[in-house]
file input00.tsv (TSV, C-alpha atoms and all ligand atoms)
chain	number	residue	atom	x	y	z
A	1	MET	CA	116.66	119.83	102.97
A	2	ALA	CA	114.07	117.54	104.45
A	3	ARG	CA	110.78	115.82	103.89
A	4	VAL	CA	107.77	116.95	105.92
A	5	ASP	CA	105.05	114.55	107.04
A	6	LEU	CA	101.76	115.89	108.33
A	7	ARG	CA	99.59	113.15	109.81
A	8	HIS	CA	95.93	113.72	110.60
A	9	ILE	CA	96.41	117.27	111.85
A	10	GLU	CA	93.39	118.74	113.64
A	11	LYS	CA	93.08	122.26	114.97
A	12	GLY	CA	89.86	123.72	116.32
A	13	TYR	CA	88.84	127.17	117.44
A	14	PRO	CA	85.55	127.77	119.27
A	15	GLY	CA	82.79	126.83	116.82
A	16	LEU	CA	85.14	126.10	113.94
A	17	LYS	CA	87.53	123.47	112.62
A	18	ALA	CA	90.48	125.39	111.22
A	19	LEU	CA	92.27	122.16	110.21
A	20	ASP	CA	90.24	119.02	109.62
A	21	ASP	CA	92.27	115.82	109.31
A	22	VAL	CA	95.05	117.29	107.17
A	23	ASP	CA	97.26	114.46	105.93
A	24	LEU	CA	100.11	115.44	103.61
A	25	VAL	CA	103.63	114.54	102.60
A	26	ILE	CA	105.91	117.28	101.30
A	27	GLU	CA	108.92	115.77	99.56
A	28	SER	CA	112.47	116.86	100.16
A	29	GLY	CA	113.42	119.73	97.83
A	30	GLU	CA	109.85	120.22	96.67
A	31	PHE	CA	108.10	123.54	96.05
A	32	PHE	CA	104.75	122.80	97.67
A	33	THR	CA	101.90	125.32	97.72
A	34	LEU	CA	98.91	125.58	100.03
A	35	LEU	CA	96.18	127.22	97.96
A	36	GLY	CA	92.66	128.21	98.96
A	37	PRO	CA	90.36	131.13	99.68
A	38	SER	CA	90.83	133.40	102.68
A	39	GLY	CA	89.99	131.61	105.93
A	40	CYS	CA	90.51	128.05	104.64
A	41	GLY	CA	93.32	127.33	107.13
A	42	LYS	CA	96.51	127.97	105.14
A	43	THR	CA	98.19	130.21	107.71
A	44	THR	CA	97.07	127.95	110.55
A	45	LEU	CA	98.72	124.98	108.85
A	46	LEU	CA	101.92	126.87	108.04
A	47	ARG	CA	102.22	128.16	111.62
A	48	THR	CA	101.58	124.66	112.93
A	49	ILE	CA	104.57	123.46	110.91
A	50	ALA	CA	106.64	126.42	112.13
A	51	GLY	CA	105.68	125.68	115.74
A	52	PHE	CA	103.85	128.95	116.43
A	53	ILE	CA	100.52	127.14	116.76
A	54	GLN	CA	99.99	123.94	118.74
A	55	HIS	CA	97.65	121.55	116.95
A	56	ASP	CA	95.02	119.59	118.90
A	57	SER	CA	95.97	116.21	117.49
A	58	GLY	CA	98.02	114.61	114.74
A	59	GLU	CA	101.74	114.49	114.05
A	60	VAL	CA	104.30	116.74	112.39
A	61	LEU	CA	107.51	115.04	111.26
A	62	VAL	CA	110.58	116.50	109.60
A	63	ALA	CA	113.08	114.08	108.07
A	64	GLY	CA	111.21	111.30	109.82
A	65	GLU	CA	111.47	112.81	113.32
A	66	ARG	CA	108.48	114.02	115.31
A	67	ILE	CA	108.84	117.70	116.10
A	68	ASP	CA	105.40	118.38	117.63
A	69	GLN	CA	106.87	119.27	121.01
A	70	MET	CA	109.87	121.22	119.71
A	71	PRO	CA	109.67	124.99	120.32
A	72	ALA	CA	109.57	127.17	117.20
A	73	HIS	CA	113.05	128.66	117.68
A	74	LYS	CA	114.61	125.18	117.76
A	75	ARG	CA	113.01	124.21	114.44
A	76	ASN	CA	115.39	124.91	111.64
A	77	MET	CA	112.91	126.77	109.44
A	78	GLY	CA	113.00	130.14	107.68
A	79	MET	CA	109.79	132.13	107.46
A	80	VAL	CA	108.73	134.92	105.10
A	81	TYR	CA	105.54	136.90	105.76
A	82	GLN	CA	103.20	139.00	103.67
A	83	ASP	CA	104.12	142.24	105.47
A	84	TYR	CA	107.92	141.63	105.32
A	85	ALA	CA	108.23	142.01	109.15
A	86	ILE	CA	111.69	143.55	108.90
A	87	PHE	CA	112.99	145.94	111.58
A	88	PRO	CA	112.71	149.53	110.29
A	89	HIS	CA	115.54	150.93	112.44
A	90	LEU	CA	118.10	148.27	111.47
A	91	SER	CA	120.16	148.33	108.29
A	92	VAL	CA	119.49	145.72	105.64
A	93	ALA	CA	122.60	143.78	106.70
A	94	ASP	CA	121.64	143.89	110.40
A	95	ASN	CA	118.15	142.68	109.56
A	96	VAL	CA	119.58	139.73	107.70
A	97	ALA	CA	122.13	139.07	110.46
A	98	PHE	CA	119.43	138.83	113.11
A	99	GLY	CA	118.92	135.05	113.12
A	100	LEU	CA	122.67	134.39	113.17
A	101	LYS	CA	123.23	136.81	116.07
A	102	THR	CA	120.53	135.18	118.18
A	103	ARG	CA	122.23	131.88	117.42
A	104	GLY	CA	125.50	133.34	118.72
A	105	ARG	CA	127.57	132.91	115.56
A	106	PRO	CA	130.98	134.66	115.45
A	107	LYS	CA	131.13	138.07	113.77
A	108	PRO	CA	133.29	137.27	110.73
A	109	GLU	CA	131.08	134.28	109.92
A	110	ILE	CA	127.96	136.45	110.24
A	111	ALA	CA	129.37	139.11	107.91
A	112	GLU	CA	130.24	136.53	105.29
A	113	ARG	CA	126.94	134.66	105.43
A	114	VAL	CA	124.92	137.90	105.38
A	115	GLN	CA	126.77	139.08	102.29
A	116	ARG	CA	126.20	135.76	100.57
A	117	ALA	CA	122.48	135.81	101.42
A	118	LEU	CA	122.13	139.37	100.11
A	119	GLU	CA	123.82	138.37	96.87
A	120	LEU	CA	121.40	135.44	96.53
A	121	VAL	CA	118.52	137.92	96.45
A	122	GLN	CA	120.41	140.42	94.27
A	123	LEU	CA	120.91	142.99	97.03
A	124	GLY	CA	124.66	142.56	97.39
A	125	ASN	CA	125.23	146.34	97.36
A	126	HIS	CA	122.37	147.28	99.67
A	127	GLY	CA	123.60	146.05	103.06
A	128	LYS	CA	124.10	149.51	104.54
A	129	ARG	CA	120.72	150.87	103.46
A	130	LEU	CA	117.75	151.28	105.75
A	131	PRO	CA	114.54	149.44	104.88
A	132	HIS	CA	112.60	152.63	104.06
A	133	GLU	CA	115.17	153.39	101.35
A	134	LEU	CA	114.11	150.23	99.52
A	135	SER	CA	111.10	149.45	97.36
A	136	GLY	CA	108.48	146.93	98.53
A	137	GLY	CA	109.95	144.26	96.30
A	138	GLN	CA	113.45	144.89	97.67
A	139	GLN	CA	112.15	144.80	101.24
A	140	GLN	CA	110.64	141.40	100.56
A	141	ARG	CA	113.99	140.29	99.15
A	142	VAL	CA	115.56	141.34	102.46
A	143	ALA	CA	112.99	139.21	104.29
A	144	LEU	CA	113.85	136.33	101.99
A	145	ALA	CA	117.59	136.76	102.64
A	146	ARG	CA	116.91	136.85	106.37
A	147	ALA	CA	115.00	133.58	106.14
A	148	MET	CA	117.68	131.92	104.01
A	149	VAL	CA	120.76	133.09	105.92
A	150	ILE	CA	120.31	130.51	108.68
A	151	SER	CA	120.46	127.73	106.03
A	152	PRO	CA	117.05	126.44	107.06
A	153	GLN	CA	115.94	122.87	106.42
A	154	ILE	CA	112.60	124.22	105.33
A	155	LEU	CA	111.46	127.54	103.90
A	156	LEU	CA	107.93	128.68	104.81
A	157	MET	CA	106.28	131.58	102.99
A	158	ASP	CA	102.90	133.06	103.84
A	159	GLU	CA	101.53	135.10	100.91
A	160	PRO	CA	104.91	136.84	100.42
A	161	LEU	CA	103.86	138.64	97.24
A	162	SER	CA	100.42	139.87	98.22
A	163	ASN	CA	101.54	143.41	99.06
A	164	LEU	CA	103.33	143.96	95.76
A	165	ASP	CA	101.90	145.26	92.50
A	166	ALA	CA	101.15	142.85	89.69
A	167	LYS	CA	104.33	143.28	87.64
A	168	LEU	CA	106.65	142.97	90.63
A	169	ARG	CA	104.70	139.95	91.85
A	170	VAL	CA	105.47	138.07	88.67
A	171	GLU	CA	109.12	139.16	88.70
A	172	LEU	CA	109.76	138.19	92.31
A	173	ARG	CA	107.90	134.90	92.03
A	174	GLU	CA	110.20	133.87	89.19
A	175	ASP	CA	113.20	134.81	91.33
A	176	ILE	CA	111.87	132.90	94.33
A	177	ARG	CA	111.34	129.87	92.13
A	178	ASP	CA	114.84	130.08	90.60
A	179	LEU	CA	116.41	130.47	94.03
A	180	GLN	CA	114.43	127.56	95.42
A	181	ARG	CA	115.47	125.35	92.50
A	182	SER	CA	119.13	126.24	92.74
A	183	LEU	CA	119.23	125.53	96.49
A	184	ALA	CA	116.77	122.61	96.30
A	185	ILE	CA	115.30	123.73	99.60
A	186	THR	CA	112.01	122.17	100.73
A	187	THR	CA	109.55	125.05	100.44
A	188	ILE	CA	105.99	125.38	101.66
A	189	TYR	CA	104.34	128.38	100.09
A	190	VAL	CA	100.92	129.86	100.92
A	191	THR	CA	98.80	131.81	98.47
A	192	HIS	CA	95.15	132.48	97.67
A	193	ASP	CA	96.14	133.34	94.08
A	194	GLN	CA	95.51	130.33	91.84
A	195	GLU	CA	97.48	131.73	88.92
A	196	GLU	CA	100.52	132.25	91.14
A	197	ALA	CA	100.17	128.72	92.50
A	198	LEU	CA	99.99	127.23	89.01
A	199	ALA	CA	103.07	129.15	87.91
A	200	ILE	CA	105.36	128.48	90.83
A	201	SER	CA	104.64	125.04	92.30
A	202	ASP	CA	105.84	121.48	91.91
A	203	ARG	CA	102.63	120.43	93.63
A	204	ILE	CA	99.60	122.23	94.94
A	205	CYS	CA	97.36	121.37	97.87
A	206	VAL	CA	93.91	122.94	97.40
A	207	MET	CA	92.14	123.60	100.70
A	208	GLN	CA	88.67	124.71	101.73
A	209	SER	CA	87.26	125.05	105.26
A	210	GLY	CA	90.25	123.33	106.82
A	211	ARG	CA	90.03	120.32	104.53
A	212	VAL	CA	92.30	119.14	101.73
A	213	HIS	CA	90.45	118.79	98.41
A	214	GLN	CA	93.30	117.75	96.15
A	215	VAL	CA	97.08	117.40	96.13
A	216	ALA	CA	98.64	117.18	92.68
A	217	SER	CA	100.81	118.88	90.09
A	218	PRO	CA	99.51	122.18	88.63
A	219	GLN	CA	98.79	120.43	85.31
A	220	LYS	CA	96.79	117.65	86.95
A	221	ILE	CA	94.81	120.05	89.13
A	222	TYR	CA	93.89	122.08	86.06
A	223	ALA	CA	93.10	119.10	83.84
A	224	GLU	CA	91.41	116.83	86.39
A	225	PRO	CA	90.00	118.78	89.32
A	226	ALA	CA	89.08	116.28	92.04
A	227	THR	CA	86.07	118.21	93.32
A	228	LEU	CA	83.60	120.80	92.12
A	229	PHE	CA	85.25	123.26	94.50
A	230	VAL	CA	88.66	122.77	92.87
A	231	ALA	CA	87.07	123.06	89.43
A	232	SER	CA	85.48	126.39	90.28
A	233	PHE	CA	88.47	127.80	92.21
A	234	ILE	CA	91.25	127.05	89.70
A	235	GLY	CA	91.09	128.71	86.30
A	236	ALA	CA	87.93	129.76	84.49
A	237	MET	CA	85.22	127.11	84.40
A	238	ASN	CA	81.62	126.95	83.18
A	239	ILE	CA	79.62	125.19	85.87
A	240	MET	CA	76.44	123.49	84.66
A	241	PRO	CA	74.03	121.89	87.08
A	242	VAL	CA	71.83	119.33	85.34
A	243	GLY	CA	68.07	119.64	85.85
A	244	SER	CA	65.05	121.78	85.13
A	245	GLN	CA	65.96	124.67	87.43
A	246	GLU	CA	67.02	128.15	86.25
A	247	GLY	CA	70.59	128.19	84.96
A	248	ALA	CA	70.79	124.43	84.50
A	249	LEU	CA	71.49	122.20	81.52
A	250	ALA	CA	68.36	120.22	80.62
A	251	ALA	CA	68.83	116.53	81.33
A	252	ALA	CA	67.03	115.78	78.05
A	253	ASP	CA	69.96	117.38	76.17
A	254	LEU	CA	72.38	114.81	77.53
A	255	PRO	CA	73.14	111.48	75.90
A	256	GLU	CA	71.43	108.58	77.63
A	257	ARG	CA	74.64	107.16	79.12
A	258	LEU	CA	75.33	110.45	80.93
A	259	ARG	CA	71.76	110.77	82.17
A	260	ALA	CA	72.01	107.26	83.59
A	261	ARG	CA	74.79	108.34	85.94
A	262	GLY	CA	72.36	110.06	88.34
A	263	PRO	CA	72.38	113.63	89.69
A	264	MET	CA	75.57	115.47	88.85
A	265	THR	CA	77.03	118.83	87.96
A	266	LEU	CA	78.89	119.18	84.69
A	267	ALA	CA	81.65	121.67	83.96
A	268	ILE	CA	83.72	122.74	80.99
A	269	ARG	CA	86.56	125.23	80.55
A	270	PRO	CA	85.88	128.20	78.24
A	271	GLU	CA	88.78	127.15	76.01
A	272	ASP	CA	87.08	123.79	75.43
A	273	VAL	CA	83.81	125.34	74.25
A	274	ILE	CA	83.60	125.50	70.46
A	275	VAL	CA	81.67	128.36	68.90
A	276	GLY	CA	79.92	127.56	65.63
A	277	GLN	CA	80.56	124.67	63.31
A	278	SER	CA	82.69	121.79	64.39
A	279	THR	CA	83.72	118.48	62.96
A	280	ASN	CA	83.62	117.00	66.45
A	281	GLY	CA	80.41	114.98	66.34
A	282	ASN	CA	80.87	113.69	69.86
A	283	ALA	CA	79.73	116.88	71.54
A	284	LEU	CA	76.69	118.39	73.22
A	285	ALA	CA	75.14	121.15	71.13
A	286	VAL	CA	73.67	124.15	72.93
A	287	GLU	CA	71.96	127.10	71.25
A	288	GLY	CA	72.38	130.58	72.66
A	289	ALA	CA	72.67	134.28	72.05
A	290	VAL	CA	75.92	136.20	72.46
A	291	GLU	CA	75.39	138.86	75.15
A	292	LYS	CA	78.86	140.37	75.05
A	293	VAL	CA	82.38	139.74	73.93
A	294	THR	CA	85.18	140.76	76.28
A	295	PHE	CA	88.32	141.63	74.35
A	296	ALA	CA	91.72	141.06	75.96
A	297	GLY	CA	94.17	141.42	73.07
A	298	ARG	CA	95.45	137.99	72.16
A	299	GLU	CA	92.18	136.47	73.31
A	300	ALA	CA	88.53	137.25	73.98
A	301	TYR	CA	85.62	135.73	75.86
A	302	ALA	CA	82.16	135.34	74.37
A	303	HIS	CA	79.41	135.39	77.00
A	304	VAL	CA	76.52	133.34	75.73
A	305	ARG	CA	73.03	133.12	77.22
A	306	CYS	CA	71.48	129.75	76.47
A	307	ALA	CA	68.05	128.26	77.06
A	308	ASN	CA	66.77	128.18	80.62
A	309	GLY	CA	69.08	131.01	81.75
A	310	LEU	CA	72.26	128.93	81.48
A	311	HIS	CA	75.27	131.19	80.96
A	312	LEU	CA	78.35	129.89	79.18
A	313	GLN	CA	81.67	131.50	78.38
A	314	ALA	CA	83.66	130.54	75.32
A	315	HIS	CA	87.30	131.44	74.90
A	316	LEU	CA	88.30	132.87	71.53
A	317	TYR	CA	92.02	132.64	70.80
A	318	ARG	CA	93.30	135.45	68.57
A	319	PRO	CA	89.72	136.54	67.85
A	320	SER	CA	88.81	137.57	64.33
A	321	ALA	CA	86.86	140.75	63.57
A	322	GLY	CA	83.89	138.52	62.80
A	323	GLN	CA	84.06	136.84	66.20
A	324	LEU	CA	84.34	140.17	68.00
A	325	ALA	CA	81.21	141.35	66.19
A	326	LEU	CA	79.12	138.40	67.34
A	327	VAL	CA	77.21	140.41	69.99
A	328	GLY	CA	73.47	139.89	69.59
A	329	GLU	CA	73.88	136.95	67.23
A	330	SER	CA	72.55	133.46	67.79
A	331	VAL	CA	75.27	130.85	67.97
A	332	ARG	CA	75.57	127.15	68.42
A	333	LEU	CA	78.04	126.04	71.07
A	334	ARG	CA	79.55	122.60	71.08
A	335	LEU	CA	80.75	120.98	74.26
A	336	PRO	CA	82.97	117.99	73.39
A	337	LEU	CA	82.04	115.09	75.65
A	338	ASP	CA	85.68	114.23	76.32
A	339	ARG	CA	86.17	117.79	77.65
A	340	LEU	CA	83.35	117.64	80.17
A	341	HIS	CA	84.10	117.37	83.87
A	342	ALA	CA	81.44	115.73	86.02
A	343	PHE	CA	80.91	115.96	89.75
A	344	ASP	CA	78.51	114.11	92.00
A	345	ALA	CA	75.66	116.45	92.87
A	346	ALA	CA	75.65	115.29	96.49
A	347	ASP	CA	79.30	115.35	97.58
A	348	GLY	CA	80.96	117.33	94.76
A	349	LYS	CA	83.51	114.60	94.03
A	350	ARG	CA	84.76	114.02	90.51
A	351	VAL	CA	82.99	111.32	88.55
A	352	GLU	CA	84.65	109.64	85.57
A	353	LEU	CA	82.19	109.67	82.68
A	354	PRO	CA	81.77	106.59	80.54
A	355	ALA	CA	83.64	107.06	77.26
B	1	LIG	N1	93.46	132.61	116.98
B	1	LIG	C1	92.29	132.32	116.37
B	1	LIG	N2	91.15	132.23	117.08
B	1	LIG	C2	89.97	131.91	116.49
B	1	LIG	N3	89.85	131.63	115.16
B	1	LIG	C3	90.95	131.71	114.40
B	1	LIG	C4	92.24	132.04	114.95
B	1	LIG	N4	93.15	132.01	113.96
B	1	LIG	C5	92.49	131.69	112.83
B	1	LIG	N5	91.16	131.51	113.08
B	1	LIG	C6	90.14	131.10	112.12
B	1	LIG	O1	90.57	129.89	111.52
B	1	LIG	C7	90.23	129.86	110.14
B	1	LIG	C8	91.49	129.68	109.31
B	1	LIG	O2	92.28	130.84	109.42
B	1	LIG	P1	93.65	131.02	108.61
B	1	LIG	O3	94.48	129.82	108.84
B	1	LIG	O4	94.22	132.33	109.02
B	1	LIG	O5	93.13	131.06	107.12
B	1	LIG	P2	93.90	131.53	105.77
B	1	LIG	O6	95.33	131.74	106.09
B	1	LIG	O7	93.65	130.41	104.81
B	1	LIG	O8	93.21	132.79	105.32
B	1	LIG	C9	89.50	131.17	109.85
B	1	LIG	O9	88.13	130.94	109.93
B	1	LIG	C10	89.98	132.07	110.97
B	1	LIG	O10	89.02	133.05	111.24
B	2	MG	MG	96.52	133.47	105.86

call {"tool": "encode", "arguments": {"input": "input00.tsv", "output": "structure tokens", "more": "lines below"}}
Ligand SMILES: Nc1ncnc2c1ncn2[C@@H]1O[C@H](COP(=O)(O)OP(=O)(O)O)[C@@H](O)[C@H]1O
Ligand SMILES: [Mg+2]
result
Amino acid sequence: MARVDLRHIEKGYPGLKALDDVDLVIESGEFFTLLGPSGCGKTTLLRTIAGFIQHDSGEVLVAGERIDQMPAHKRNMGMVYQDYAIFPHLSVADNVAFGLKTRGRPKPEIAERVQRALELVQLGNHGKRLPHELSGGQQQRVALARAMVISPQILLMDEPLSNLDAKLRVELREDIRDLQRSLAITTIYVTHDQEEALAISDRICVMQSGRVHQVASPQKIYAEPATLFVASFIGAMNIMPVGSQEGALAAADLPERLRARGPMTLAIRPEDVIVGQSTNGNALAVEGAVEKVTFAGREAYAHVRCANGLHLQAHLYRPSAGQLALVGESVRLRLPLDRLHAFDAADGKRVELPA
């Protein structure tokens, strides 16, 4: 268990900054997730922490000690990869024993620790099996046991669920989270899946093009995205540029005190858009026509085309037959002012609107 400090980490490849001044603190025992689209630098950062990649500048500290110059095998970290990376010709138990053997631990100790690690991941009876006799989810559990068996200070996981089907992904992520909580092991988890990140993390770091956009709890990231990028990447969001161009909200429709703020982009979540009458007087009203309604059981989404080609989605919770039959109808949407997110049009940073 240990805290990780990343100070001004830079890593460049020819013609590209893979990590651009990454400055983070991961608290001891925390489940910390690096989230961002493919190519944003998640793996590069994780491998820098593991010691497989040497950064150009900056500092990596674990429990207050600089480890920049320490070779990867001396760092007490367990790693789990997307493709499991387990040895196909070794039994499950021998796969898990690998890290202890290379560390020269005595045989009885290895046998006991391997069995304990397998029980942690609910594979206590599978030690003698070969990997190909296991399902994908079980193979990833083996990889997890192998990472945990060395009692690492830090657990690193790089998209460990990406090769599994949707149902298994949810199941295993719950198990990973439970295991992490019970052991209180500092965990740095990489995913491009925002829903997974929201479900599993204590805190999330949202990255784009090697830069950190926001570090906060899942709730805070969802409720108060720090940049337009975070707003559009996490959860569903209606993005509304303000102006006269196609697809924009007309500035004339905004209250004076919002117009006064200067060029910005507004955004609102579909679940905050009210369809039809509302008692909330403090809202923008937008007229539109319902183009389609996407039904998803407990909920539905109304896709509304408004003036000037602006498209808005409204979330309908437990939709009524009447709401599902809205296609082709004209509707009035209300966008409560206290539900609007605003971002500076120039740098994309969140702007607090006057109340
Ligand atoms: N060895 C390398 N040489 C050159 N470019 C690389 C190398 N490794 C990664 N990159 C580039 O660095 C960026 C970040 O990559 P990566 O950390 O793998 O992103 P992610 O894991 O978020 O998908 C990408 O643009 C990728 O193409
Ligand atoms: Mg990656």

call {"tool": "residues_near_ligand", "arguments": {"input": "input00.tsv", "ligand": "ligand MG 2 (chain B)", "cutoff": "12 Å", "atoms": "only C-alpha atoms and all ligand atoms", "output": "ChimeraX atom specification"}}
result
/A:18,34-47,81-83,157-160,162,189-193,207,210

call {"tool": "axis_aligned_box", "arguments": {"input": "input00.tsv", "around": "ligand LIG 1 (chain B)", "padding_each_side": "4 Å", "output": "JSON"}}
result
{"center_x": 91.7, "center_y": 131.4, "center_z": 110.9, "size_x": 15.2, "size_y": 11.4, "size_z": 20.3}

call {"tool": "residues_around", "arguments": {"input": "input00.tsv", "residues": "Asn282 in chain A", "least_positions_apart": "5", "cutoff": "12 Å", "atoms": "all atoms listed in the file", "output": "PyMOL selection string"}}
result
chain A and resi 254-255+334-340+355

call {"tool": "closest_residue", "arguments": {"input": "input00.tsv", "among": "A:Val230, A:Ala342, A:Ala143, A:Leu155", "to": "Met264 in chain A", "atoms": "all atoms listed in the file"}}
result
A:Ala342

call {"tool": "closest_residue", "arguments": {"input": "input00.tsv", "among": "A:Val273, A:Met79, A:Val206, A:Ile150", "to": "ligand LIG 1 (chain B)", "atoms": "all atoms listed in the file"}}
result
A:Val206

call {"tool": "closest_residue", "arguments": {"input": "input00.tsv", "among": "A:Pro218, A:Gly297, A:Pro270, A:Gly262", "to": "Leu312 in chain A", "atoms": "only C-alpha atoms"}}
result
A:Pro270

call {"tool": "residues_around", "arguments": {"input": "input00.tsv", "residues": "Gly247 in chain A", "least_positions_apart": "4", "cutoff": "9 Å", "atoms": "all atoms listed in the file", "output": "PyMOL selection string"}}
result
chain A and resi 240-243+306-311

call {"tool": "atom_distance", "arguments": {"input": "input00.tsv", "atom1": "CA of Glu291 in chain A", "atom2": "CA of Ser320 in chain A"}}
result
17.3 Å

call {"tool": "closest_residue", "arguments": {"input": "input00.tsv", "among": "A:Glu271, A:Glu171, A:Glu30, A:Glu287", "to": "Asp253 in chain A", "atoms": "all atoms listed in the file"}}
result
A:Glu287

call {"tool": "residues_around", "arguments": {"input": "input00.tsv", "residues": "range 197-202 of chain A", "least_positions_apart": "5", "cutoff": "12 Å", "atoms": "only C-alpha atoms", "output": "number ranges by chain"}}
result
A: 26-36, 159, 161, 169-181, 184, 186-192, 215-223, 233-235

call {"tool": "atom_distance", "arguments": {"input": "input00.tsv", "atom1": "CA of Ala248 in chain A", "atom2": "CA of Gly281 in chain A"}}
result
22.6 Å

call {"tool": "atom_distance", "arguments": {"input": "input00.tsv", "atom1": "CA of Leu228 in chain A", "atom2": "CA of Phe343 in chain A"}}
result
6.0 Å

call {"tool": "residues_near_point", "arguments": {"input": "input00.tsv", "point": "(115.6, 120.1, 107.7)", "cutoff": "8 Å", "atoms": "all atoms listed in the file", "output": "list in words"}}
result
Met1, Ala2, Arg3, Val62, Ala63, Asn76, Met77, Pro152, Gln153 and Ile154 of chain A

call {"tool": "closest_residue", "arguments": {"input": "input00.tsv", "among": "A:Gln138, A:Ser209, A:Gln194, A:Ser151", "to": "Val22 in chain A", "atoms": "only C-alpha atoms"}}
result
A:Ser209

call {"tool": "residues_around", "arguments": {"input": "input00.tsv", "residues": "Arg146 in chain A", "least_positions_apart": "2", "cutoff": "8 Å", "atoms": "all atoms listed in the file", "output": "MDAnalysis selection string"}}
result
chainID A and resid 78 95:99 117 142:144 148:150

call {"tool": "residues_near_point", "arguments": {"input": "input00.tsv", "point": "(99.2, 116.8, 111.1)", "cutoff": "7 Å", "atoms": "all atoms listed in the file", "output": "JSON, numbers by chain"}}
result
{"A": [6, 7, 8, 9, 10, 22, 23, 58, 59, 60]}

call {"tool": "residues_around", "arguments": {"input": "input00.tsv", "residues": "Gly12 in chain A", "least_positions_apart": "2", "cutoff": "10 Å", "atoms": "only C-alpha atoms", "output": "PyMOL selection string"}}
result
chain A and resi 10+14-20+55-57+210

call {"tool": "write_last_selection", "arguments": {"input": "input00.tsv", "atoms": "C-alpha atoms", "output": "PDB file, keeping the file's coordinate frame"}}
result
ATOM      1  CA  GLU A  10      93.390 118.740 113.640  1.00  0.00           C
ATOM      2  CA  PRO A  14      85.550 127.770 119.270  1.00  0.00           C
ATOM      3  CA  GLY A  15      82.790 126.830 116.820  1.00  0.00           C
ATOM      4  CA  LEU A  16      85.140 126.100 113.940  1.00  0.00           C
ATOM      5  CA  LYS A  17      87.530 123.470 112.620  1.00  0.00           C
ATOM      6  CA  ALA A  18      90.480 125.390 111.220  1.00  0.00           C
ATOM      7  CA  LEU A  19      92.270 122.160 110.210  1.00  0.00           C
ATOM      8  CA  ASP A  20      90.240 119.020 109.620  1.00  0.00           C
ATOM      9  CA  HIS A  55      97.650 121.550 116.950  1.00  0.00           C
ATOM     10  CA  ASP A  56      95.020 119.590 118.900  1.00  0.00           C
ATOM     11  CA  SER A  57      95.970 116.210 117.490  1.00  0.00           C
ATOM     12  CA  GLY A 210      90.250 123.330 106.820  1.00  0.00           C
TER      13      GLY A 210
END

call {"tool": "closest_residue", "arguments": {"input": "input00.tsv", "among": "A:Glu109, A:Leu120, A:Ser232, A:Val212", "to": "ligand LIG 1 (chain B)", "atoms": "all atoms listed in the file"}}
result
A:Val212

call {"tool": "build_atoms", "arguments": {"input": "input00.tsv", "residues": "range 332-344 of chain A", "atoms": "N, CA and C atoms", "output": "JSON list (two decimals), in the coordinates of the input"}}
result
[["chain", "number", "residue", "atom", "x", "y", "z"],
["A", 332, "ARG", "N", 75.64, 128.51, 67.91],
["A", 332, "ARG", "CA", 75.57, 127.15, 68.42],
["A", 332, "ARG", "C", 76.91, 126.85, 69.08],
["A", 333, "LEU", "N", 76.83, 126.44, 70.35],
["A", 333, "LEU", "CA", 78.04, 126.04, 71.07],
["A", 333, "LEU", "C", 78.13, 124.52, 71.07],
["A", 334, "ARG", "N", 79.35, 124.04, 70.96],
["A", 334, "ARG", "CA", 79.55, 122.60, 71.08],
["A", 334, "ARG", "C", 80.45, 122.32, 72.26],
["A", 335, "LEU", "N", 80.00, 121.37, 73.07],
["A", 335, "LEU", "CA", 80.75, 120.98, 74.26],
["A", 335, "LEU", "C", 81.21, 119.54, 74.07],
["A", 336, "PRO", "N", 82.48, 119.36, 73.64],
["A", 336, "PRO", "CA", 82.97, 117.99, 73.39],
["A", 336, "PRO", "C", 82.84, 117.13, 74.65],
["A", 337, "LEU", "N", 82.29, 115.94, 74.48],
["A", 337, "LEU", "CA", 82.04, 115.09, 75.65],
["A", 337, "LEU", "C", 83.33, 114.75, 76.39],
["A", 338, "ASP", "N", 84.43, 114.61, 75.64],
["A", 338, "ASP", "CA", 85.68, 114.23, 76.32],
["A", 338, "ASP", "C", 86.33, 115.43, 77.03],
["A", 339, "ARG", "N", 85.69, 116.60, 76.94],
["A", 339, "ARG", "CA", 86.17, 117.79, 77.65],
["A", 339, "ARG", "C", 85.31, 118.13, 78.87],
["A", 340, "LEU", "N", 84.25, 117.37, 79.04],
["A", 340, "LEU", "CA", 83.35, 117.64, 80.17],
["A", 340, "LEU", "C", 83.93, 117.09, 81.47],
["A", 341, "HIS", "N", 83.80, 117.87, 82.53],
["A", 341, "HIS", "CA", 84.10, 117.37, 83.87],
["A", 341, "HIS", "C", 82.76, 117.10, 84.54],
["A", 342, "ALA", "N", 82.69, 116.05, 85.33],
["A", 342, "ALA", "CA", 81.44, 115.73, 86.02],
["A", 342, "ALA", "C", 81.69, 115.53, 87.50],
["A", 343, "PHE", "N", 80.77, 116.06, 88.30],
["A", 343, "PHE", "CA", 80.91, 115.96, 89.75],
["A", 343, "PHE", "C", 79.60, 115.48, 90.34],
["A", 344, "ASP", "N", 79.69, 114.62, 91.32],
["A", 344, "ASP", "CA", 78.51, 114.11, 92.00],
["A", 344, "ASP", "C", 77.75, 115.28, 92.62]]
